[in-house]
Protein chains: 2
Amino acid sequence: MGIERITSYLAGRWQDGDGEGARLFNPANDEVVATASTQGLDMGAAVQFARERGGALRALTFAERASILERMRAAMHQAREALIDAQVLNGGCTRSDAKFDIDGAILVFAHYAELGKALGDKRILADGEGIQLGRSPRFWGQHIHVPKHGVAVLINAFNFPTWGFAEKAACALLAGMPVIIKPATSTALTAYKAMQLLVEHSGAPEGALSFVGGSVGNLLDHMNGQDILSFTGSAATGQKLRSHSKIVASSIPVNVEADSLNAAVLGPDVDLGSDCMQLFLRDVAREITQKTGQKCTAVRRIMVPQTRVDDVIAELGARLGEIVIGDPNLKEVRMGPLSSKDQLHEVHAGIARLKKEAVVVHGDPDGPMKLVGVAPGVGCFFAPVLLRANDSWNANEVHSHEVFGPVATILPYSGKAEDAAGLVQKGEGGLVASVYSDDRDFTEQVTLGIAPFSGRVYLGSSKVLEHALGSGLVWPQCTHGGPGRAGGGEELGGLRGVLHFMQRTSIQGSRPMVEQIAGTKPA
Amino acid sequence: MGIERITSYLAGRWQDGDGEGARLFNPANDEVVATASTQGLDMGAAVQFARERGGALRALTFAERASILERMRAAMHQAREALIDAQVLNGGCTRSDAKFDIDGAILVFAHYAELGKALGDKRILADGEGIQLGRSPRFWGQHIHVPKHGVAVLINAFNFPTWGFAEKAACALLAGMPVIIKPATSTALTAYKAMQLLVEHSGAPEGALSFVGGSVGNLLDHMNGQDILSFTGSAATGQKLRSHSKIVASSIPVNVEADSLNAAVLGPDVDLGSDCMQLFLRDVAREITQKTGQKCTAVRRIMVPQTRVDDVIAELGARLGEIVIGDPNLKEVRMGPLSSKDQLHEVHAGIARLKKEAVVVHGDPDGPMKLVGVAPGVGCFFAPVLLRANDSWNANEVHSHEVFGPVATILPYSGKAEDAAGLVQKGEGGLVASVYSDDRDFTEQVTLGIAPFSGRVYLGSSKVLEHALGSGLVWPQCTHGGPGRAGGGEELGGLRGVLHFMQRTSIQGSRPMVEQIAGTKPA
């Protein structure tokens with residue numbers, strides 16, 4: 001296979017930057033698979049074009065915008081196999097892991113297409129009931145949501161090259177905002193191929209879709225107060241974006257989804273042979289290893305009652321030990337390499353930090369690996385590692401440093417709900433936490449204790465053994481994001497996610513006038 | 001009257017800082033009325049005390065938190081006269097302007113006390129309906145709002161010493177968050193006296209109320225990801241707070257309400273003698289001069305059809321010319337001084353900027369003033385000034401520089417709705433814009449054109465002549481805030497304002513378990 005050239009779709013046409021630019025690799029064999037450059041491309045013109053021409057989305061009804069999403073869904077569904085191939089090649093994903101990303105994107109487009117269809121031929125939305133202001137019903141108030149007159153700049157992480165942008169783009173487009181999609185460069189090949197399809201098949205107004213294939217350059221300098229920046233990636237980059245001078249000066253809303261030390265709590269009631277224990281082990285093993293642990297929702301901390309620690313190490317270690325690692329093209333391989341040499345380096349460095357406060361109880365980060373179908377000495381492979389904290393309450397690295405690979409740490413606790421909650425809280429804000437227990441009081445107490453620190457709480461119990469799909473799955477119907485370390489953002493959640501891309505305005509005036517504008521006139 | 005000493009209520013006790021600290025003046029006669037220092041006070045201990053002890057609010061029901069607000073309302077109502085006196089003394093407000101602030105605070109506490117009572121004996125809130133996740137109704141999702149485990153730091157502007165903090169504190173306390181109130185030092189006397197009452201009479205748990213009387217010191221360095229910062233004041237300070245290293249590092253939500261070039265649009269249908277014209281003139285004259293123009297919602301830009309410009313200048317000028325300026329203690333005085341020498345200096349400097357693009361058509365910023373009851377050469381007095389832009393579309397200073405005094409600029413336009421909307425948009429985001437017209441299509445077109453740029457749109461028409469109370473009034477039922485230049489924030493709006501101080505979390509699990517936790521179990 002030759003080396004592909006990734007270009008950018010800006011100002012309504014595909015454009016190539018100067019020079020070779022960045023090299024994109026196949027992390028299973030270290031070969032260069034593509035290059036991408038945005039050097040010399042006019043980001044100011046791109047933003048202006050998107051804002052002015054793509055703003056035509058506002059003239060469409062929600063149902064018309066939904067049709068665009070439906071065509072995007074169909075285009076990705078039709079090209080599913082090619083997109084999977086791209087992600088195996090430039091990402092090192094197994095086919096199953098690649099499907100998880102691409103089907104996730106398809107699911108999001110489908111959900112928002114359906115939602116938009118239900119919203120029908122409106123262009124704005126009423127928010128809540130009308131309000132009598134003052135003593136007479138003559139003077140009336142009504143909140144409405146209207147599309148912003150700007151662009152949504154969507155900067156995504158390397159781990160979900162299509163689901164990542166789909167989550168943000170579906171909401172923005174349905175709200176009536178043009179999008180500028182900027183995937184992480186290291187795994188941009190899949191996003192590039194997806195965007196080619198979407199540009200061709202979406203039927204969106206010119207300017208509604210733009211794509212930055214490579215460095216974002218000075219794009220942020222061209223944003224204004226009607227725009228929105230939505231980012232998924234590292235906390236460090238999130239902080240840099242959030243304090244960017246133009247972002248701050250124009251009060252541009254920034255949605256950040258960043259680091260998260262997602263926790264799984266095992267209840268003291270869960271016996272070794274129980275259904276709930278089976279669910280716990282199945283979920284946690286998957287949440288450590290799916291996408292080689294490179295998921296923002298992956299489990300990083302496992303709170304286990306002191307009395308069960310040895311059992312859990314044995315059982316979980318056994319499951320992790322069964323996982324076949326190697327060439328992601330092979331059917332028998334369950335886990336591919338990390339996505340790049342940089343990630344491999346980061347994971348090794350992260351393990352060293354964790355080892356200051358924890359001991360390795362499964363796997364050997366520095367030992368030899370059993371790999372299937374891989375030539376010796378190549379690739380970014382890393383086998384699962386499980387650690388146990390020496391002192392759960394003082395394991396600061398374990399609670400604060402996210403190692404973005406198949407790595408998790410067991411934190412023994414007393415078995416008391418308040419202690420489990422207290423340990424989860426030490427992560428200082430996460431995307432998701434899970435509680436495995438059949439004891440309703442324990443579950444309720446832990447849940448209410450950790451909810452302020454968690455965007456989502458997943459409850460595993462014997463009742464949902466056959467129905468729950470794991471804490472790592474981000475449903476479009478539910479919000480995704482988390483406070484504090486997780487970035488303080490929120491996206492998805494059905495209509496909630498759309499409203500983040502609209503301006504809420506209160507209209508006050510004579511009742512018939514207000515109702516005419518808001519479209520709330522009683523029949 | 002002697003010079004008062006303002007102290008701080010931190011860690012459950014009134015504390016005084018070192019040294020004389022800042023001097024607070026009576027801007028009607030330049031006398032020092034109070035001093036305030038926070039030097040040497042332990043802000044870290046104050047934040048920790050508020051977080052740990054004040055967190056007891058979370059154990060209260062909404063109805064119990066509402067009782068605290070009701071007692072706060074009653075305490076302020078009872079001491080209304082003393083609070084008015086304080087604001088006349090340290091603010092230069094007329095009694096009417098002082099009442100506007102204090103009654104605003106009372107109104108807000110009353111609204112949220114009533115709202116909290118209606119929420120009853122819950123401690124958390126369900127958000128939307130339950131959601132079936134997957135094929136079986138066994139696995140269920142529900143969004144909930146829970147109180148954050150932090151403190152709400154509320155930094156307010158000098159112009160509304162009690163309404164300003166009441167808006168933020170009522171929402172935060174009802175949500176279950178302790179508050180640390182920091183008023184602008186220059187007019188802090190009224191806030192200090194109000195806080196003395198509230199500390200004594202609110203019955204709030206220890207630590208739920210704190211007060212910084214003077215500089216905020218290093219308080220922000222002690223915040224974390226469970227806290228919230230809410231700020232009203234200048235855009236420059238808002239930007240500094242928003243990019244503060246600790247705020248950025250912990251993803252602390254920052255609500256900013258800053259500069260706003262609020263616009264009033266006169267429709268082309270409005271004849272000189274009409275009711276709508278009377279409402280326009282009455283509202284705009286008040287919105288220019290109330291609180292000596294020191295209102296975040298004051299009208300700064302007036303869009304007038306070209307053909308009506310001379311009439312409006314004559315009529316509005318006549319109304320502004322009738323306003324009696326002088327000692328705010330006197331009954332006949334309608335407008336007091338600006339709040340400080342700094343503000344007086346800023347207003348003069350701002351007029352100089354506007355004069356590059358506009359001519360003064362009423363008033364003389366540099367001429368002699370007719371003052372009632374004021375000794376010559378003292379005070380921070382400034383008489384109303386009306387300007388007319390030379391070129392409405394290229395008056396960049398007029399569209400971007402807020403002169404925080406009794407100053408507004410007329411911007412002639414074509415009479416077309418799209419031009420009126422286009423000129424309003426040039427303010428790049430405001431708190432409120434108003435449209436005066438009896439033409440429904442014109443009103444609708446302008447409203448939808450400016451809504452994305454406005455937190456609120458106020459519609460004046462002959463129908464509401466006797467009912468509307470002006471664009472400057474912030475109703476607690478409606479949201480307050482605005483995009484872009486206005487800071488990108490939002491507060492109030494009934495329950496909406498409370499939810500900003502809570503964490504939205506999605507709970508997923510077996511349906512009975514989720515419904516037990518969320519309190520949504522069907523009867």
# chains A, B, ... in the order shown; residues from 1 in each chain; ligands from 1
$ interface_residues --of "chain A" --to "chain B" --cutoff "7 Å" --atoms "only C-alpha atoms" --output "mmCIF file with N, CA and C atoms, in the first residue's frame"
data_model
loop_
_atom_site.group_PDB
_atom_site.id
_atom_site.type_symbol
_atom_site.label_atom_id
_atom_site.label_comp_id
_atom_site.auth_asym_id
_atom_site.auth_seq_id
_atom_site.Cartn_x
_atom_site.Cartn_y
_atom_site.Cartn_z
ATOM 1 N N SER A 136 -49.873 42.160 35.626
ATOM 2 C CA SER A 136 -50.802 41.896 34.535
ATOM 3 C C SER A 136 -50.242 40.847 33.591
ATOM 4 N N ARG A 138 -50.441 40.893 30.607
ATOM 5 C CA ARG A 138 -50.079 41.556 29.350
ATOM 6 C C ARG A 138 -48.585 41.471 29.049
ATOM 7 N N PHE A 139 -47.774 41.602 30.114
ATOM 8 C CA PHE A 139 -46.323 41.618 29.902
ATOM 9 C C PHE A 139 -45.798 40.222 30.203
ATOM 10 N N VAL A 146 -31.770 29.852 20.251
ATOM 11 C CA VAL A 146 -31.565 30.197 18.841
ATOM 12 C C VAL A 146 -30.149 29.775 18.428
ATOM 13 N N PRO A 147 -29.965 29.447 17.137
ATOM 14 C CA PRO A 147 -28.621 29.065 16.697
ATOM 15 C C PRO A 147 -27.667 30.255 16.801
ATOM 16 N N LYS A 148 -26.461 30.004 17.238
ATOM 17 C CA LYS A 148 -25.431 31.042 17.246
ATOM 18 C C LYS A 148 -25.002 31.335 15.811
ATOM 19 N N HIS A 149 -24.472 32.540 15.602
ATOM 20 C CA HIS A 149 -24.047 32.939 14.253
ATOM 21 C C HIS A 149 -22.575 32.633 14.006
ATOM 22 N N GLY A 225 -16.968 35.730 19.431
ATOM 23 C CA GLY A 225 -17.891 35.431 20.529
ATOM 24 C C GLY A 225 -19.135 34.658 20.135
ATOM 25 N N GLN A 226 -19.367 34.442 18.847
ATOM 26 C CA GLN A 226 -20.491 33.619 18.414
ATOM 27 C C GLN A 226 -20.051 32.174 18.168
ATOM 28 N N GLN A 239 -6.097 23.013 28.887
ATOM 29 C CA GLN A 239 -5.781 24.247 29.622
ATOM 30 C C GLN A 239 -5.194 25.298 28.705
ATOM 31 N N SER A 243 -7.088 28.930 27.965
ATOM 32 C CA SER A 243 -6.505 30.221 28.321
ATOM 33 C C SER A 243 -5.926 30.948 27.101
ATOM 34 N N VAL A 248 -10.287 33.753 25.538
ATOM 35 C CA VAL A 248 -10.617 34.475 26.772
ATOM 36 C C VAL A 248 -11.210 35.848 26.444
ATOM 37 N N ALA A 249 -10.602 36.535 25.488
ATOM 38 C CA ALA A 249 -11.031 37.910 25.194
ATOM 39 C C ALA A 249 -12.457 37.958 24.659
ATOM 40 N N SER A 250 -12.865 36.944 23.925
ATOM 41 C CA SER A 250 -14.198 36.968 23.324
ATOM 42 C C SER A 250 -15.199 36.092 24.079
ATOM 43 N N SER A 251 -14.826 35.635 25.272
ATOM 44 C CA SER A 251 -15.712 34.771 26.079
ATOM 45 C C SER A 251 -16.261 33.624 25.234
ATOM 46 N N ILE A 252 -15.410 32.999 24.462
ATOM 47 C CA ILE A 252 -15.848 31.885 23.614
ATOM 48 C C ILE A 252 -16.049 30.648 24.497
ATOM 49 N N GLU A 428 -10.811 13.738 41.892
ATOM 50 C CA GLU A 428 -11.103 15.154 41.649
ATOM 51 C C GLU A 428 -11.873 15.420 40.358
ATOM 52 N N ARG A 440 -28.827 -2.313 47.655
ATOM 53 C CA ARG A 440 -29.361 -1.029 47.197
ATOM 54 C C ARG A 440 -28.916 0.151 48.058
ATOM 55 N N GLU A 444 -26.840 3.216 46.686
ATOM 56 C CA GLU A 444 -27.373 4.581 46.764
ATOM 57 C C GLU A 444 -26.390 5.514 47.468
ATOM 58 N N ALA A 451 -21.630 11.262 42.833
ATOM 59 C CA ALA A 451 -22.277 11.928 41.692
ATOM 60 C C ALA A 451 -21.741 13.347 41.450
ATOM 61 N N PRO A 452 -21.475 14.143 42.510
ATOM 62 C CA PRO A 452 -20.963 15.494 42.247
ATOM 63 C C PRO A 452 -19.589 15.483 41.559
ATOM 64 N N SER A 454 -18.720 13.113 39.245
ATOM 65 C CA SER A 454 -18.789 12.188 38.108
ATOM 66 C C SER A 454 -19.823 12.659 37.089
ATOM 67 N N GLY A 455 -19.453 12.627 35.825
ATOM 68 C CA GLY A 455 -20.431 12.942 34.797
ATOM 69 C C GLY A 455 -21.474 11.848 34.653
ATOM 70 N N ARG A 456 -21.065 10.633 35.000
ATOM 71 C CA ARG A 456 -21.959 9.494 34.821
ATOM 72 C C ARG A 456 -21.637 8.463 35.889
ATOM 73 N N VAL A 457 -22.659 7.796 36.411
ATOM 74 C CA VAL A 457 -22.448 6.691 37.345
ATOM 75 C C VAL A 457 -23.163 5.472 36.775
ATOM 76 N N TYR A 458 -22.395 4.404 36.614
ATOM 77 C CA TYR A 458 -22.886 3.162 36.025
ATOM 78 C C TYR A 458 -23.036 2.143 37.147
ATOM 79 N N LEU A 459 -24.219 1.547 37.247
ATOM 80 C CA LEU A 459 -24.497 0.626 38.345
ATOM 81 C C LEU A 459 -24.599 -0.796 37.823
ATOM 82 N N GLY A 460 -23.610 -1.598 38.158
ATOM 83 C CA GLY A 460 -23.639 -3.005 37.758
ATOM 84 C C GLY A 460 -24.250 -3.850 38.874
ATOM 85 N N LYS A 463 -29.058 -7.903 38.415
ATOM 86 C CA LYS A 463 -30.274 -7.617 37.650
ATOM 87 C C LYS A 463 -29.988 -7.216 36.198
ATOM 88 N N VAL A 464 -28.822 -6.663 35.959
ATOM 89 C CA VAL A 464 -28.546 -6.158 34.604
ATOM 90 C C VAL A 464 -27.442 -6.963 33.907
ATOM 91 N N HIS A 467 -27.964 -7.248 30.344
ATOM 92 C CA HIS A 467 -28.477 -6.051 29.663
ATOM 93 C C HIS A 467 -27.488 -4.901 29.612
ATOM 94 N N ALA A 468 -26.616 -4.815 30.601
ATOM 95 C CA ALA A 468 -25.684 -3.686 30.673
ATOM 96 C C ALA A 468 -24.528 -3.926 29.704
ATOM 97 N N CYS A 478 -27.431 9.994 26.892
ATOM 98 C CA CYS A 478 -26.961 10.449 28.203
ATOM 99 C C CYS A 478 -25.788 11.416 28.034
ATOM 100 N N THR A 479 -25.676 12.332 28.974
ATOM 101 C CA THR A 479 -24.593 13.307 28.886
ATOM 102 C C THR A 479 -23.247 12.616 29.070
ATOM 103 N N PRO A 483 -16.776 16.866 35.827
ATOM 104 C CA PRO A 483 -16.241 18.079 36.456
ATOM 105 C C PRO A 483 -14.741 17.977 36.732
ATOM 106 N N GLY A 484 -14.153 19.098 37.116
ATOM 107 C CA GLY A 484 -12.777 19.118 37.612
ATOM 108 C C GLY A 484 -11.760 18.601 36.618
ATOM 109 N N ARG A 485 -11.009 17.586 37.064
ATOM 110 C CA ARG A 485 -9.932 17.061 36.231
ATOM 111 C C ARG A 485 -10.432 16.616 34.859
ATOM 112 N N GLY A 487 -12.343 18.047 32.986
ATOM 113 C CA GLY A 487 -12.455 19.172 32.065
ATOM 114 C C GLY A 487 -13.639 20.079 32.314
ATOM 115 N N GLY A 488 -14.606 19.607 33.108
ATOM 116 C CA GLY A 488 -15.754 20.468 33.410
ATOM 117 C C GLY A 488 -16.725 20.615 32.260
ATOM 118 N N GLN A 503 -27.862 29.736 21.674
ATOM 119 C CA GLN A 503 -27.914 30.795 22.683
ATOM 120 C C GLN A 503 -29.293 30.782 23.321
ATOM 121 N N ARG A 504 -29.337 30.752 24.653
ATOM 122 C CA ARG A 504 -30.619 30.901 25.342
ATOM 123 C C ARG A 504 -30.856 32.393 25.570
ATOM 124 N N THR A 505 -32.013 32.852 25.130
ATOM 125 C CA THR A 505 -32.353 34.268 25.225
ATOM 126 C C THR A 505 -33.737 34.383 25.827
ATOM 127 N N SER A 506 -33.935 35.356 26.690
ATOM 128 C CA SER A 506 -35.284 35.555 27.198
ATOM 129 C C SER A 506 -35.931 36.708 26.439
ATOM 130 N N ILE A 507 -37.156 36.480 25.994
ATOM 131 C CA ILE A 507 -37.906 37.486 25.237
ATOM 132 C C ILE A 507 -38.992 38.019 26.158
ATOM 133 N N GLN A 508 -39.109 39.326 26.244
ATOM 134 C CA GLN A 508 -40.113 39.944 27.118
ATOM 135 C C GLN A 508 -40.907 40.973 26.326
ATOM 136 N N GLY A 509 -42.229 40.897 26.410
ATOM 137 C CA GLY A 509 -43.041 41.884 25.701
ATOM 138 C C GLY A 509 -44.513 41.520 25.807
ATOM 139 N N SER A 510 -45.310 42.066 24.909
ATOM 140 C CA SER A 510 -46.735 41.744 24.958
ATOM 141 C C SER A 510 -46.893 40.266 24.604
ATOM 142 N N MET A 513 -47.166 38.986 20.923
ATOM 143 C CA MET A 513 -45.916 39.228 20.186
ATOM 144 C C MET A 513 -44.863 38.183 20.574
ATOM 145 N N ILE A 517 -43.149 35.102 18.160
ATOM 146 C CA ILE A 517 -41.709 34.924 17.907
ATOM 147 C C ILE A 517 -41.234 33.557 18.387
#
$ residues_around --residues "A:Phe62" --least-positions-apart "6" --cutoff "9 Å" --atoms "only C-alpha atoms" --output "CSV table (one decimal) with C-alpha atoms, in the first residue's frame"
chain,number,residue,atom,x,y,z
A,115,LEU,CA,-34.2,13.7,17.4
A,116,GLY,CA,-34.1,16.4,14.7
A,117,LYS,CA,-36.9,14.7,12.8
A,118,ALA,CA,-39.1,14.8,15.9
A,119,LEU,CA,-38.3,18.5,16.3
A,120,GLY,CA,-39.9,19.0,12.9
A,121,ASP,CA,-40.2,22.2,10.9
A,122,LYS,CA,-39.0,24.6,13.7
A,123,ARG,CA,-35.8,26.6,13.5
A,124,ILE,CA,-35.6,27.7,17.1
A,174,LEU,CA,-28.6,20.0,14.4
A,175,ALA,CA,-28.4,23.2,16.3
A,176,GLY,CA,-27.7,25.1,13.1
$ residues_around --residues "stretch 193-209 of chain B" --least-positions-apart "6" --cutoff "7 Å" --atoms "only C-alpha atoms" --output "list in words"
Ala11, Gly12, Phe49, Ala50, Arg53, Gly54, Ala56, Leu57, Ile68, Arg71, Met72, Ala75, Met76, Leu83, Pro178, Val179 and Ile180 of chain B
$ atom_distance --atom1 "atom CA of A:Gly427" --atom2 "atom CA of A:Phe404"
15.2 Å
$ residues_around --residues "B:Gly104" --least-positions-apart "5" --cutoff "12 Å" --atoms "only C-alpha atoms" --output "JSON, numbers by chain"
{"B": [73, 76, 77, 80, 96, 97, 98, 99, 109, 110, 111, 160, 161, 162, 163, 164, 165, 166, 167, 472, 473, 474, 475, 476]}
$ atom_distance --atom1 "atom CA of B:Pro337" --atom2 "atom CA of B:Arg5"
23.3 Å
$ residues_around --residues "B:Gly379" --least-positions-apart "6" --cutoff "6 Å" --atoms "only C-alpha atoms" --output "VMD selection string"
chain B and resid 27 to 30
$ atom_distance --atom1 "atom CA of B:Lys355" --atom2 "atom CA of B:Val324"
25.0 Å
$ select_by_dssp --residues "stretch 244-412 of chain B" --states "strand (DSSP E or B)" --output "ChimeraX atom specification"
/B:254-257,263-266,301-305,325-326,335,358-362,371-372,385-389,407-412
$ residues_around --residues "A:Ile3" --least-positions-apart "4" --cutoff "8 Å" --atoms "only C-alpha atoms" --output "list in words"
Val32, Val33, Ala34 and Thr35 of chain A
$ write_last_selection --atoms "N, CA and C atoms" --output "mmCIF file, in the first residue's frame"
data_model
loop_
_atom_site.group_PDB
_atom_site.id
_atom_site.type_symbol
_atom_site.label_atom_id
_atom_site.label_comp_id
_atom_site.auth_asym_id
_atom_site.auth_seq_id
_atom_site.Cartn_x
_atom_site.Cartn_y
_atom_site.Cartn_z
ATOM 1 N N VAL A 32 5.306 4.140 7.781
ATOM 2 C CA VAL A 32 4.580 5.375 7.511
ATOM 3 C C VAL A 32 3.422 5.045 6.566
ATOM 4 N N VAL A 33 2.209 5.468 6.929
ATOM 5 C CA VAL A 33 1.041 5.156 6.093
ATOM 6 C C VAL A 33 0.454 6.409 5.434
ATOM 7 N N ALA A 34 0.767 7.580 5.983
ATOM 8 C CA ALA A 34 0.219 8.818 5.407
ATOM 9 C C ALA A 34 1.030 10.010 5.891
ATOM 10 N N THR A 35 0.860 11.124 5.190
ATOM 11 C CA THR A 35 1.440 12.392 5.652
ATOM 12 C C THR A 35 0.352 13.454 5.571
#
$ residues_around --residues "stretch 385-394 of chain B" --least-positions-apart "2" --cutoff "8 Å" --atoms "only C-alpha atoms" --output "PyMOL selection string"
chain B and resi 317+357-365+383+396+398+406-413+423
$ select_by_dssp --residues "stretch 53-210 of chain A" --states "helix (DSSP H, G or I)" --output "JSON, numbers by chain"
{"A": [53, 54, 55, 56, 57, 58, 59, 62, 63, 64, 65, 66, 67, 68, 69, 70, 71, 72, 73, 74, 75, 76, 77, 78, 80, 81, 82, 83, 84, 85, 86, 87, 88, 89, 95, 96, 97, 98, 99, 100, 101, 102, 103, 104, 105, 106, 107, 108, 109, 110, 111, 112, 113, 114, 115, 116, 117, 118, 119, 163, 164, 165, 166, 167, 168, 169, 170, 171, 172, 173, 174, 175, 185, 186, 187, 188, 189, 190, 191, 192, 193, 194, 195, 196, 197, 198, 199, 200, 201]}
$ closest_residue --among "A:Asp18, A:Asp311, A:Glu287, A:Glu402" --to "A:Gly273" --atoms "only C-alpha atoms"
A:Asp311
$ decode --residues "stretch 358-372 of chain A" --atoms "N, CA, C and O atoms" --output "PDB file, in the first residue's frame"
ATOM      1  N   ALA A 358       2.511   1.905  44.281  1.00  0.00           N
ATOM      2  CA  ALA A 358       1.759   0.670  44.038  1.00  0.00           C
ATOM      3  C   ALA A 358       2.716  -0.404  43.534  1.00  0.00           C
ATOM      4  O   ALA A 358       3.777  -0.096  42.993  1.00  0.00           O
ATOM      5  N   VAL A 359       2.309  -1.640  43.725  1.00  0.00           N
ATOM      6  CA  VAL A 359       3.119  -2.743  43.199  1.00  0.00           C
ATOM      7  C   VAL A 359       2.379  -3.418  42.044  1.00  0.00           C
ATOM      8  O   VAL A 359       1.147  -3.492  42.036  1.00  0.00           O
ATOM      9  N   VAL A 360       3.147  -3.907  41.093  1.00  0.00           N
ATOM     10  CA  VAL A 360       2.559  -4.626  39.974  1.00  0.00           C
ATOM     11  C   VAL A 360       2.125  -6.005  40.452  1.00  0.00           C
ATOM     12  O   VAL A 360       2.925  -6.741  41.041  1.00  0.00           O
ATOM     13  N   VAL A 361       0.854  -6.349  40.239  1.00  0.00           N
ATOM     14  CA  VAL A 361       0.359  -7.657  40.671  1.00  0.00           C
ATOM     15  C   VAL A 361      -0.045  -8.537  39.489  1.00  0.00           C
ATOM     16  O   VAL A 361      -0.334  -9.713  39.646  1.00  0.00           O
ATOM     17  N   HIS A 362      -0.074  -7.974  38.308  1.00  0.00           N
ATOM     18  CA  HIS A 362      -0.244  -8.774  37.101  1.00  0.00           C
ATOM     19  C   HIS A 362       0.481  -8.081  35.955  1.00  0.00           C
ATOM     20  O   HIS A 362       0.381  -6.876  35.794  1.00  0.00           O
ATOM     21  N   GLY A 363       1.170  -8.885  35.124  1.00  0.00           N
ATOM     22  CA  GLY A 363       1.889  -8.347  33.980  1.00  0.00           C
ATOM     23  C   GLY A 363       3.263  -7.840  34.389  1.00  0.00           C
ATOM     24  O   GLY A 363       3.598  -7.774  35.578  1.00  0.00           O
ATOM     25  N   ASP A 364       4.053  -7.524  33.370  1.00  0.00           N
ATOM     26  CA  ASP A 364       5.409  -7.031  33.619  1.00  0.00           C
ATOM     27  C   ASP A 364       5.716  -5.988  32.555  1.00  0.00           C
ATOM     28  O   ASP A 364       5.998  -6.330  31.408  1.00  0.00           O
ATOM     29  N   PRO A 365       5.652  -4.729  32.928  1.00  0.00           N
ATOM     30  CA  PRO A 365       5.803  -3.671  31.922  1.00  0.00           C
ATOM     31  C   PRO A 365       7.159  -3.711  31.216  1.00  0.00           C
ATOM     32  O   PRO A 365       7.276  -3.211  30.094  1.00  0.00           O
ATOM     33  N   ASP A 366       8.146  -4.314  31.840  1.00  0.00           N
ATOM     34  CA  ASP A 366       9.475  -4.310  31.236  1.00  0.00           C
ATOM     35  C   ASP A 366       9.894  -5.678  30.711  1.00  0.00           C
ATOM     36  O   ASP A 366      10.972  -5.824  30.137  1.00  0.00           O
ATOM     37  N   GLY A 367       9.037  -6.668  30.913  1.00  0.00           N
ATOM     38  CA  GLY A 367       9.397  -8.011  30.510  1.00  0.00           C
ATOM     39  C   GLY A 367       9.040  -8.302  29.058  1.00  0.00           C
ATOM     40  O   GLY A 367       8.486  -7.453  28.358  1.00  0.00           O
ATOM     41  N   PRO A 368       9.359  -9.515  28.592  1.00  0.00           N
ATOM     42  CA  PRO A 368       9.028  -9.892  27.216  1.00  0.00           C
ATOM     43  C   PRO A 368       7.517 -10.103  27.060  1.00  0.00           C
ATOM     44  O   PRO A 368       6.842 -10.410  28.038  1.00  0.00           O
ATOM     45  N   MET A 369       7.008  -9.860  25.849  1.00  0.00           N
ATOM     46  CA  MET A 369       5.574 -10.042  25.592  1.00  0.00           C
ATOM     47  C   MET A 369       5.380 -11.186  24.613  1.00  0.00           C
ATOM     48  O   MET A 369       6.204 -11.385  23.720  1.00  0.00           O
ATOM     49  N   LYS A 370       4.267 -11.882  24.773  1.00  0.00           N
ATOM     50  CA  LYS A 370       3.917 -12.910  23.798  1.00  0.00           C
ATOM     51  C   LYS A 370       3.039 -12.237  22.743  1.00  0.00           C
ATOM     52  O   LYS A 370       1.901 -11.833  23.018  1.00  0.00           O
ATOM     53  N   LEU A 371       3.590 -12.065  21.538  1.00  0.00           N
ATOM     54  CA  LEU A 371       2.855 -11.376  20.477  1.00  0.00           C
ATOM     55  C   LEU A 371       2.588 -12.332  19.324  1.00  0.00           C
ATOM     56  O   LEU A 371       3.434 -13.154  18.985  1.00  0.00           O
ATOM     57  N   VAL A 372       1.422 -12.191  18.708  1.00  0.00           N
ATOM     58  CA  VAL A 372       1.036 -13.072  17.609  1.00  0.00           C
ATOM     59  C   VAL A 372       1.131 -12.309  16.284  1.00  0.00           C
ATOM     60  O   VAL A 372       0.564 -11.218  16.148  1.00  0.00           O
TER      61      VAL A 372
END
